[in-house]
Amino acid sequence: MQLNVEVRSSSSSTHMTTTGTVYNHCGNSDGNSVLNIQVAARLRAWRGSWPRKENARAGYIWASFLICSEMAICFRFFILFPLMPLLVSGVLLPSPRNITILSTNMKHFLVWSPVIVPGEAVKYSVEFQGEYERDYANDSWIPIGECTGISVTQCDITEDISATVPYNLRVRAALGSQASHWATLNGFFNRVTTSLIPPMVTVTADGYHLLVELEHLGRAFEFWIFYWRKGQEHKIYHKVLKDSGTTVHLDTMEGGAEYCVKAQSYVEAINRSSNFSQVQCVRAEDGKTILVTFAPLFFFVFVVTVLALPWVAWKTCWICQYSCFPNESLPDTLKLTESPARILNYRGEEMEKCDEFVQVLPPEELLLRFWIHETL
C-alpha cells in the first residue's frame, strides 16, 4: 500500500485542499486492482490562530482515516470470500447437539437434540466406526441402514454394536440439498458399560409345584435362580436357565410350606451380572385343603360313574351281539309260502315220478348217443 499526500496551503486563501492517492492490493497481489481514492477536504481556515504546520497535520490525519477504512474493507473481503461457496450451497445447517447413548440390558440407543428449522422436516443419518475400521480400514465409517434419512432423534444401534470394543458414532442433519457437518459422540462407547437391571420374576404355586416365569431379555442373557424353604435359608437351591418368557417348574414343595425365590441375569459376552430381584415367596397348599376343595368334584364323578355303568354294560353287550351274531332276514326265494307238510308231500311225488323214468343203458349205446350228440 502506497500513500502520496500533497498539502497545498496559502496564507492568502481561506481554505486548504488535501489530495491523497492510496494503492490497494487487496484483490490481487500483482497490483492490477488499484484503488485510487481522491480525497478533497475543505477545512475551514483558522485565521491567525493556527500556524501553517497545523493544517498539514490535519491532512495527514484525514488520510490515515481513509487508510484504516480501506483496511477494514480488505479484512471483510478476505474473511467472507472463503465462505462464499458454503453460503451458496447451504451446508451450514446446524449440526445435532447433545449426542448421548442410552444403554440398558444390552439394548443401545443413540439419541440427540433435534435441529429446528421452522416449517421443515429435518432428516438425520447415523454412522459408526469400530476398532477394525479405525485401525485397519483407513479410519472409515459405516452407515447404519435403519438410521439413514430418519426423522426421529434416536437410533437403535444394538445390532451394530456386536463386539466388546470401543465404538465411535456420529450423526448429521440434512434438509433437501443442505447438510450439516458430522457431529461426533463425545468419547467412545463400549457395550461393557451397559446398565444391567434385575429381571422381572413371577413366582406361583400350583398345588405342590413351585413355578417361576422370567421376562425375555434376549439370547445373550442367562438367569441364575435361587430358591429355598422359608426358615431354612442355610439350604439354598440354585438353577440356571437360558430360556426365558416361559413358565419353568423349579421343585415340588411340601404341603403347607412356604418357599422363596430370587433371580439375577448374567451376560457372558461382557462377563457381568445384574443385582438380585426382589424376593418373592409363595405357600404350598395343605393336603386337607386340597381334599376339602376337591371333595365335591370327587363325589360328582362317583355318582356319574355309578349311574352310567349299567347303561355302558348294556351297550357293550348289544354291540358284541350284533358283531358276532348279526340278525339278517332271509331272501324271498328262501321263504316258505306253504306249510312244510305239503311241501314234503309234493317233493315225494316228484321224486317218485323221477324214479319211473330212470333207465339203465349199456355202455355201447351210451357212447353212441354221446357221439351223435357231439356230431349234431
# chains A, B, ... in the order shown; residues from 1 in each chain; ligands from 1

call {"tool": "select_by_dssp", "arguments": {"residues": "segment 107-227 of chain A", "states": "strand (DSSP E or B)", "output": "ChimeraX atom specification"}}
result
/A:107-113,123-129,142-150,154-156,167-175,178-180,183-184,189,195,201-206,209-214,221-227

call {"tool": "write_last_selection", "arguments": {"atoms": "C-alpha atoms", "output": "JSON list (two decimals), in the first residue's frame"}}
result
[["chain", "number", "residue", "atom", "x", "y", "z"],
["A", 107, "LYS", "CA", -30.07, -52.52, 24.28],
["A", 108, "HIS", "CA", -28.20, -49.48, 22.92],
["A", 109, "PHE", "CA", -29.82, -46.28, 21.60],
["A", 110, "LEU", "CA", -28.10, -43.19, 20.22],
["A", 111, "VAL", "CA", -30.10, -40.01, 20.97],
["A", 112, "TRP", "CA", -29.56, -36.33, 20.16],
["A", 113, "SER", "CA", -31.29, -32.95, 20.25],
["A", 123, "LYS", "CA", -33.70, -35.82, 8.32],
["A", 124, "TYR", "CA", -30.83, -37.49, 10.15],
["A", 125, "SER", "CA", -28.21, -40.11, 9.27],
["A", 126, "VAL", "CA", -26.01, -42.12, 11.65],
["A", 127, "GLU", "CA", -22.66, -43.82, 11.08],
["A", 128, "PHE", "CA", -20.45, -45.89, 13.36],
["A", 129, "GLN", "CA", -16.80, -46.78, 13.50],
["A", 142, "ILE", "CA", -20.08, -47.48, 8.20],
["A", 143, "PRO", "CA", -23.60, -46.07, 7.72],
["A", 144, "ILE", "CA", -26.46, -47.66, 9.65],
["A", 145, "GLY", "CA", -29.13, -48.54, 7.09],
["A", 146, "GLU", "CA", -32.03, -48.36, 9.54],
["A", 147, "CYS", "CA", -30.91, -44.90, 10.65],
["A", 148, "THR", "CA", -30.34, -43.22, 7.30],
["A", 149, "GLY", "CA", -32.75, -40.43, 6.37],
["A", 150, "ILE", "CA", -34.85, -40.80, 9.52],
["A", 154, "GLN", "CA", -32.87, -41.66, 18.14],
["A", 155, "CYS", "CA", -31.31, -44.74, 16.56],
["A", 156, "ASP", "CA", -31.25, -48.36, 17.74],
["A", 167, "TYR", "CA", -17.07, -47.70, 19.14],
["A", 168, "ASN", "CA", -17.34, -44.17, 17.83],
["A", 169, "LEU", "CA", -20.59, -42.76, 16.43],
["A", 170, "ARG", "CA", -21.63, -39.65, 14.58],
["A", 171, "VAL", "CA", -24.84, -38.10, 13.28],
["A", 172, "ARG", "CA", -25.60, -35.50, 10.61],
["A", 173, "ALA", "CA", -28.68, -33.43, 9.79],
["A", 174, "ALA", "CA", -29.95, -32.90, 6.23],
["A", 175, "LEU", "CA", -32.66, -30.77, 4.66],
["A", 178, "GLN", "CA", -28.41, -28.93, 2.56],
["A", 179, "ALA", "CA", -26.45, -30.92, 5.09],
["A", 180, "SER", "CA", -24.74, -30.14, 8.35],
["A", 183, "ALA", "CA", -21.44, -34.29, 14.99],
["A", 184, "THR", "CA", -19.42, -36.98, 16.79],
["A", 189, "PHE", "CA", -18.79, -46.32, 23.70],
["A", 195, "SER", "CA", -26.63, -50.98, 32.70],
["A", 201, "VAL", "CA", -39.77, -62.57, 38.09],
["A", 202, "THR", "CA", -43.25, -64.09, 38.58],
["A", 203, "VAL", "CA", -43.46, -66.88, 41.17],
["A", 204, "THR", "CA", -46.59, -69.05, 41.51],
["A", 205, "ALA", "CA", -47.63, -72.21, 43.37],
["A", 206, "ASP", "CA", -49.74, -74.79, 41.53],
["A", 209, "HIS", "CA", -45.46, -77.34, 42.30],
["A", 210, "LEU", "CA", -43.20, -74.28, 42.54],
["A", 211, "LEU", "CA", -43.30, -72.38, 39.21],
["A", 212, "VAL", "CA", -41.36, -69.32, 38.01],
["A", 213, "GLU", "CA", -41.56, -67.16, 34.89],
["A", 214, "LEU", "CA", -38.85, -64.69, 33.76],
["A", 221, "PHE", "CA", -28.80, -63.48, 28.79],
["A", 222, "GLU", "CA", -28.94, -66.40, 31.15],
["A", 223, "PHE", "CA", -30.64, -66.39, 34.54],
["A", 224, "TRP", "CA", -29.47, -67.61, 37.90],
["A", 225, "ILE", "CA", -32.39, -68.60, 40.13],
["A", 226, "PHE", "CA", -32.05, -69.22, 43.86],
["A", 227, "TYR", "CA", -34.89, -70.69, 45.95]]

call {"tool": "atom_distance", "arguments": {"atom1": "atom CA of Pro118 of chain A", "atom2": "atom CA of Trp182 of chain A"}}
result
21.4 Å

call {"tool": "closest_residue", "arguments": {"among": "A:Val192, A:Leu307, A:Ala313, A:Leu368", "to": "Ile270 of chain A", "atoms": "only C-alpha atoms"}}
result
A:Val192

call {"tool": "atom_distance", "arguments": {"atom1": "atom CA of Leu102 of chain A", "atom2": "atom CA of Val152 of chain A"}}
result
15.3 Å

call {"tool": "closest_residue", "arguments": {"among": "A:Asn190, A:Thr252, A:Ser103, A:Ser244", "to": "Ala163 of chain A", "atoms": "only C-alpha atoms"}}
result
A:Asn190

call {"tool": "select_by_dssp", "arguments": {"residues": "segment 52-285 of chain A", "states": "alpha helix (DSSP H)", "output": "MDAnalysis selection string"}}
result
chainID A and resid 52:80 84:89 131:136

call {"tool": "write_last_selection", "arguments": {"atoms": "N, CA and C atoms", "output": "tab-separated table (two decimals), in the first residue's frame"}}
result
chain	number	residue	atom	x	y	z
A	52	ARG	N	0.76	27.27	10.05
A	52	ARG	CA	0.65	26.51	8.83
A	52	ARG	C	0.91	25.03	9.06
A	53	LYS	N	1.76	24.66	9.96
A	53	LYS	CA	2.05	23.24	10.19
A	53	LYS	C	0.85	22.50	10.76
A	54	GLU	N	-0.06	23.18	11.45
A	54	GLU	CA	-1.25	22.51	11.97
A	54	GLU	C	-2.18	22.09	10.84
A	55	ASN	N	-2.28	22.86	9.80
A	55	ASN	CA	-3.08	22.46	8.64
A	55	ASN	C	-2.52	21.20	7.98
A	56	ALA	N	-1.24	21.08	7.87
A	56	ALA	CA	-0.62	19.87	7.30
A	56	ALA	C	-0.90	18.66	8.17
A	57	ARG	N	-0.89	18.82	9.49
A	57	ARG	CA	-1.16	17.69	10.39
A	57	ARG	C	-2.59	17.20	10.21
A	58	ALA	N	-3.53	18.10	10.03
A	58	ALA	CA	-4.93	17.69	9.82
A	58	ALA	C	-5.07	16.90	8.53
A	59	GLY	N	-4.34	17.22	7.50
A	59	GLY	CA	-4.39	16.45	6.26
A	59	GLY	C	-3.88	15.03	6.43
A	60	TYR	N	-2.80	14.90	7.19
A	60	TYR	CA	-2.29	13.56	7.44
A	60	TYR	C	-3.27	12.73	8.26
A	61	ILE	N	-3.95	13.33	9.18
A	61	ILE	CA	-4.93	12.60	10.00
A	61	ILE	C	-6.07	12.12	9.12
A	62	TRP	N	-6.54	12.94	8.24
A	62	TRP	CA	-7.64	12.54	7.35
A	62	TRP	C	-7.22	11.40	6.42
A	63	ALA	N	-6.00	11.46	5.90
A	63	ALA	CA	-5.51	10.40	5.04
A	63	ALA	C	-5.38	9.08	5.79
A	64	SER	N	-4.95	9.15	7.06
A	64	SER	CA	-4.86	7.93	7.87
A	64	SER	C	-6.23	7.31	8.09
A	65	PHE	N	-7.25	8.14	8.26
A	65	PHE	CA	-8.61	7.63	8.43
A	65	PHE	C	-9.06	6.87	7.19
A	66	LEU	N	-8.73	7.38	6.03
A	66	LEU	CA	-9.08	6.69	4.79
A	66	LEU	C	-8.35	5.36	4.68
A	67	ILE	N	-7.11	5.33	5.09
A	67	ILE	CA	-6.34	4.07	5.02
A	67	ILE	C	-6.98	3.01	5.92
A	68	CYS	N	-7.37	3.38	7.11
A	68	CYS	CA	-7.99	2.42	8.05
A	68	CYS	C	-9.32	1.91	7.50
A	69	SER	N	-10.08	2.78	6.86
A	69	SER	CA	-11.34	2.33	6.28
A	69	SER	C	-11.10	1.31	5.19
A	70	GLU	N	-10.09	1.55	4.36
A	70	GLU	CA	-9.79	0.61	3.29
A	70	GLU	C	-9.29	-0.72	3.83
A	71	MET	N	-8.55	-0.71	4.90
A	71	MET	CA	-8.06	-1.94	5.50
A	71	MET	C	-9.22	-2.75	6.07
A	72	ALA	N	-10.22	-2.08	6.61
A	72	ALA	CA	-11.39	-2.80	7.12
A	72	ALA	C	-12.14	-3.48	5.99
A	73	ILE	N	-12.23	-2.80	4.84
A	73	ILE	CA	-12.89	-3.42	3.68
A	73	ILE	C	-12.11	-4.65	3.23
A	74	CYS	N	-10.79	-4.57	3.20
A	74	CYS	CA	-9.96	-5.71	2.79
A	74	CYS	C	-10.12	-6.87	3.76
A	75	PHE	N	-10.19	-6.54	5.06
A	75	PHE	CA	-10.33	-7.60	6.06
A	75	PHE	C	-11.65	-8.36	5.87
A	76	ARG	N	-12.76	-7.64	5.65
A	76	ARG	CA	-14.04	-8.32	5.42
A	76	ARG	C	-14.01	-9.13	4.14
A	77	PHE	N	-13.31	-8.65	3.13
A	77	PHE	CA	-13.22	-9.37	1.88
A	77	PHE	C	-12.50	-10.71	2.06
A	78	PHE	N	-11.36	-10.69	2.75
A	78	PHE	CA	-10.60	-11.93	2.95
A	78	PHE	C	-11.32	-12.91	3.86
A	79	ILE	N	-12.13	-12.45	4.78
A	79	ILE	CA	-12.85	-13.34	5.69
A	79	ILE	C	-14.04	-13.99	4.99
A	80	LEU	N	-14.82	-13.23	4.24
A	80	LEU	CA	-16.05	-13.74	3.64
A	80	LEU	C	-15.82	-14.51	2.34
A	84	MET	N	-17.87	-18.05	0.84
A	84	MET	CA	-18.91	-17.84	-0.16
A	84	MET	C	-19.46	-19.16	-0.71
A	85	PRO	N	-18.62	-20.17	-1.06
A	85	PRO	CA	-19.21	-21.44	-1.55
A	85	PRO	C	-20.11	-22.11	-0.51
A	86	LEU	N	-19.73	-21.99	0.75
A	86	LEU	CA	-20.56	-22.59	1.79
A	86	LEU	C	-21.90	-21.90	1.91
A	87	LEU	N	-21.89	-20.58	1.83
A	87	LEU	CA	-23.14	-19.85	1.93
A	87	LEU	C	-24.04	-20.11	0.74
A	88	VAL	N	-23.43	-20.29	-0.44
A	88	VAL	CA	-24.22	-20.53	-1.64
A	88	VAL	C	-24.83	-21.93	-1.62
A	89	SER	N	-24.02	-22.95	-1.27
A	89	SER	CA	-24.52	-24.33	-1.28
A	89	SER	C	-25.38	-24.65	-0.08
A	131	GLU	N	-13.38	-50.78	16.04
A	131	GLU	CA	-11.94	-50.87	16.16
A	131	GLU	C	-11.30	-51.27	14.84
A	132	TYR	N	-11.94	-52.16	14.09
A	132	TYR	CA	-11.37	-52.60	12.81
A	132	TYR	C	-11.34	-51.44	11.81
A	133	GLU	N	-12.44	-50.71	11.69
A	133	GLU	CA	-12.48	-49.58	10.74
A	133	GLU	C	-11.47	-48.50	11.12
A	134	ARG	N	-11.28	-48.34	12.42
A	134	ARG	CA	-10.37	-47.29	12.88
A	134	ARG	C	-8.91	-47.66	12.68
A	135	ASP	N	-8.57	-48.93	12.85
A	135	ASP	CA	-7.15	-49.32	12.81
A	135	ASP	C	-6.73	-49.98	11.51
A	136	TYR	N	-7.69	-50.64	10.80
A	136	TYR	CA	-7.31	-51.42	9.62
A	136	TYR	C	-8.04	-51.02	8.35

call {"tool": "decode", "arguments": {"residues": "segment 250-270 of chain A", "atoms": "N, CA, C and O atoms", "output": "compact mmCIF listing (two decimals), in the first residue's frame"}}
result
# COMPACT_ATOMS: atom_id res chain seq x y z
N LEU A 250 -39.65 -75.42 39.13
CA LEU A 250 -38.43 -75.44 39.92
C LEU A 250 -38.34 -76.68 40.81
O LEU A 250 -37.33 -77.38 40.82
N ASP A 251 -39.40 -76.95 41.57
CA ASP A 251 -39.31 -78.04 42.52
C ASP A 251 -40.72 -78.41 42.99
O ASP A 251 -41.69 -77.69 42.73
N THR A 252 -40.80 -79.53 43.71
CA THR A 252 -42.06 -79.96 44.33
C THR A 252 -42.00 -79.58 45.82
O THR A 252 -41.07 -79.97 46.53
N MET A 253 -42.99 -78.84 46.26
CA MET A 253 -42.99 -78.32 47.62
C MET A 253 -43.69 -79.27 48.58
O MET A 253 -44.50 -80.11 48.17
N GLU A 254 -43.37 -79.10 49.83
CA GLU A 254 -44.06 -79.83 50.88
C GLU A 254 -45.38 -79.12 51.21
O GLU A 254 -45.49 -77.90 51.12
N GLY A 255 -46.38 -79.92 51.58
CA GLY A 255 -47.69 -79.35 51.85
C GLY A 255 -47.67 -78.34 52.98
O GLY A 255 -47.13 -78.61 54.06
N GLY A 256 -48.23 -77.16 52.72
CA GLY A 256 -48.31 -76.10 53.73
C GLY A 256 -47.04 -75.32 53.93
O GLY A 256 -47.02 -74.36 54.70
N ALA A 257 -45.94 -75.67 53.27
CA ALA A 257 -44.67 -74.97 53.45
C ALA A 257 -44.61 -73.74 52.54
O ALA A 257 -45.25 -73.66 51.49
N GLU A 258 -43.79 -72.76 52.93
CA GLU A 258 -43.61 -71.52 52.17
C GLU A 258 -42.21 -71.51 51.56
O GLU A 258 -41.21 -71.76 52.26
N TYR A 259 -42.15 -71.20 50.26
CA TYR A 259 -40.88 -71.18 49.54
C TYR A 259 -40.65 -69.78 48.97
O TYR A 259 -41.60 -69.10 48.56
N CYS A 260 -39.38 -69.37 48.92
CA CYS A 260 -39.00 -68.04 48.44
C CYS A 260 -38.05 -68.17 47.25
O CYS A 260 -37.24 -69.12 47.19
N VAL A 261 -38.11 -67.18 46.34
CA VAL A 261 -37.33 -67.21 45.09
C VAL A 261 -36.76 -65.83 44.82
O VAL A 261 -37.43 -64.80 45.04
N LYS A 262 -35.52 -65.78 44.32
CA LYS A 262 -34.91 -64.56 43.78
C LYS A 262 -34.06 -64.94 42.58
O LYS A 262 -33.64 -66.11 42.45
N ALA A 263 -33.78 -63.97 41.71
CA ALA A 263 -33.04 -64.26 40.47
C ALA A 263 -32.19 -63.07 40.07
O ALA A 263 -32.43 -61.92 40.50
N GLN A 264 -31.20 -63.34 39.26
CA GLN A 264 -30.36 -62.30 38.66
C GLN A 264 -29.99 -62.74 37.24
O GLN A 264 -29.97 -63.93 36.93
N SER A 265 -29.70 -61.76 36.39
CA SER A 265 -29.31 -62.03 35.00
C SER A 265 -27.80 -61.97 34.85
O SER A 265 -27.12 -61.26 35.60
N TYR A 266 -27.30 -62.70 33.86
CA TYR A 266 -25.86 -62.75 33.60
C TYR A 266 -25.62 -62.73 32.10
O TYR A 266 -26.32 -63.41 31.34
N VAL A 267 -24.63 -61.92 31.67
CA VAL A 267 -24.27 -61.81 30.25
C VAL A 267 -22.82 -62.28 30.11
O VAL A 267 -21.89 -61.64 30.61
N GLU A 268 -22.64 -63.38 29.43
CA GLU A 268 -21.31 -63.95 29.28
C GLU A 268 -20.42 -63.09 28.39
O GLU A 268 -19.20 -63.03 28.58
N ALA A 269 -21.01 -62.39 27.40
CA ALA A 269 -20.21 -61.61 26.45
C ALA A 269 -19.44 -60.50 27.14
O ALA A 269 -18.34 -60.14 26.71
N ILE A 270 -19.99 -59.96 28.21
CA ILE A 270 -19.31 -58.88 28.94
C ILE A 270 -18.91 -59.31 30.34
O ILE A 270 -18.35 -58.51 31.10
